[in-house]
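Read through the structure below, which is laid out as structure tokens, and then see the notes.
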Amino acid sequence: MLRDDSGQNLRDYLIETAARLIDQRGSAGLAVRDIAREAKVADGVLYNYFEDKEDLLVHALLAHVGNVMASAPRLLPPPGEGTVAENLRVFIDGGIATLLRVTPAFAGLISQPKVLTRFHAMVGGDAAFDPAAEDSGGAAARSEGSAADGGTGPDGGAGAAHGEKGTADGGPGDGGSREAGRGGGQGLPALLIAYLEGEQRLGRIDRAADIDAVASLIVGAMHGQILPRVLFAPPGTPVTVPPGLSARLAHVVLDGIAPGARRG
């Protein structure tokens, strides 16, 4: 990329370099000089392409999230394949693995609220983290093709926001449509909602079920396994999840907890 004199290419290169450092060593304590040294440029060059350090870190964080989501394995099959219980189990396990790669980057930036605030705004604010807030109609107004619209990070719009700038090689931030069920196209809540809506249309899920609430319960439980361990455990502590959690969570969601609820 550096062979090309265009500012856009060098800018992309700096973002990718910073994103790689975040993936390798985390975001805590990541300084401009570290990024410049890795990119083999003078420290001051970065300020030719970014407003400040926070601007570079926000775009690097977006790129990191996009890279993780794009490299994630298929989290869900098309509706109608396999069993819903098994598909949910695979989604929960894969989603937790994805969050394990992404969450530490955010945890390392707790002492830098400006970066987190800018990230929140860049991905679309609160609406990016709540698929139900896309419109007042909630699930009923989402299109059947929402699973392939693409462009968000694990919980919101990170991929799309990175796609606004694009990458020199058309990488994970290109904002284009992606295969339904793959991590690269959407955030975890949106992927799950699109899948569950498809199953609902096929009659494999109760048509009266609140899909947005189900997605919030499942994705919230996934975060609940990761956040305390990442935030409060000593650095380097392996993160473990209770054995069989994904299957048990899927079972409870499908069978319910009310007296007389279906048991399977």
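Each chain of the structure tokens is named A, B, ... in the order shown, its residues numbered from 1; ligands are numbered from 1 in display order.
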*Just the residues within 12 Å of Gly220 of chain A, please, counting only C-alpha atoms, with nothing from its chain fewer than 5 positions along; format it as a PyMOL selection string.*
chain A and resi 92+95-96+99+129-130+155+188-189+212-215+225-227+249
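Closest approach to Glu199 of chain A among A:Met122, A:Leu61, A:Ala85, A:Ala247: A:Ala85, based on only C-alpha atoms.
Considering only C-alpha atoms, the residue among A:Ala36, A:Leu100, A:Ile218, A:Leu254 positioned nearest to Met69 of chain A is A:Leu100.
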Expressed in Å, the length from atom CA of Pro78 of chain A to atom CA of Tyr195 of chain A is 7.0 Å
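Across the model, the gap from atom CA of Ala60 of chain A to atom CA of Val123 of chain A is 13.1 Å.
Omitting Leu245 of chain A and its sequence neighbours fewer than 6 positions away, and counting only C-alpha atoms, the residues within 10 Å are A:Arg89, A:Ile92, A:Asp93, A:Ala221, A:Met222, A:Gln225, A:His251.
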Those residues you just picked out, can you put them in a file as a JSON list (two decimals), in the first residue's frame with C-alpha atoms?
```
[["chain", "number", "residue", "atom", "x", "y", "z"],
["A", 89, "ARG", "CA", -26.24, -24.10, 20.65],
["A", 92, "ILE", "CA", -24.08, -19.40, 21.37],
["A", 93, "ASP", "CA", -20.75, -21.23, 21.31],
["A", 221, "ALA", "CA", -26.39, -14.27, 28.54],
["A", 222, "MET", "CA", -23.38, -14.58, 26.22],
["A", 225, "GLN", "CA", -20.26, -15.03, 30.57],
["A", 251, "HIS", "CA", -33.17, -25.74, 26.00]]
```
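Compared by their closest atoms to Thr117 of chain A, and using only C-alpha atoms, the residues A:Pro79, A:Leu57, A:Asn87, A:Ser71 rank with A:Leu57 nearest.
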Give me, as JSON, numbers by chain, all polymer residues having an atom no more than 8 Å from Ile15 of chain A, counting only C-alpha atoms and skipping those fewer than 3 positions away in the same chain. {"A": [11, 12, 18, 19, 56, 59, 60, 63]}
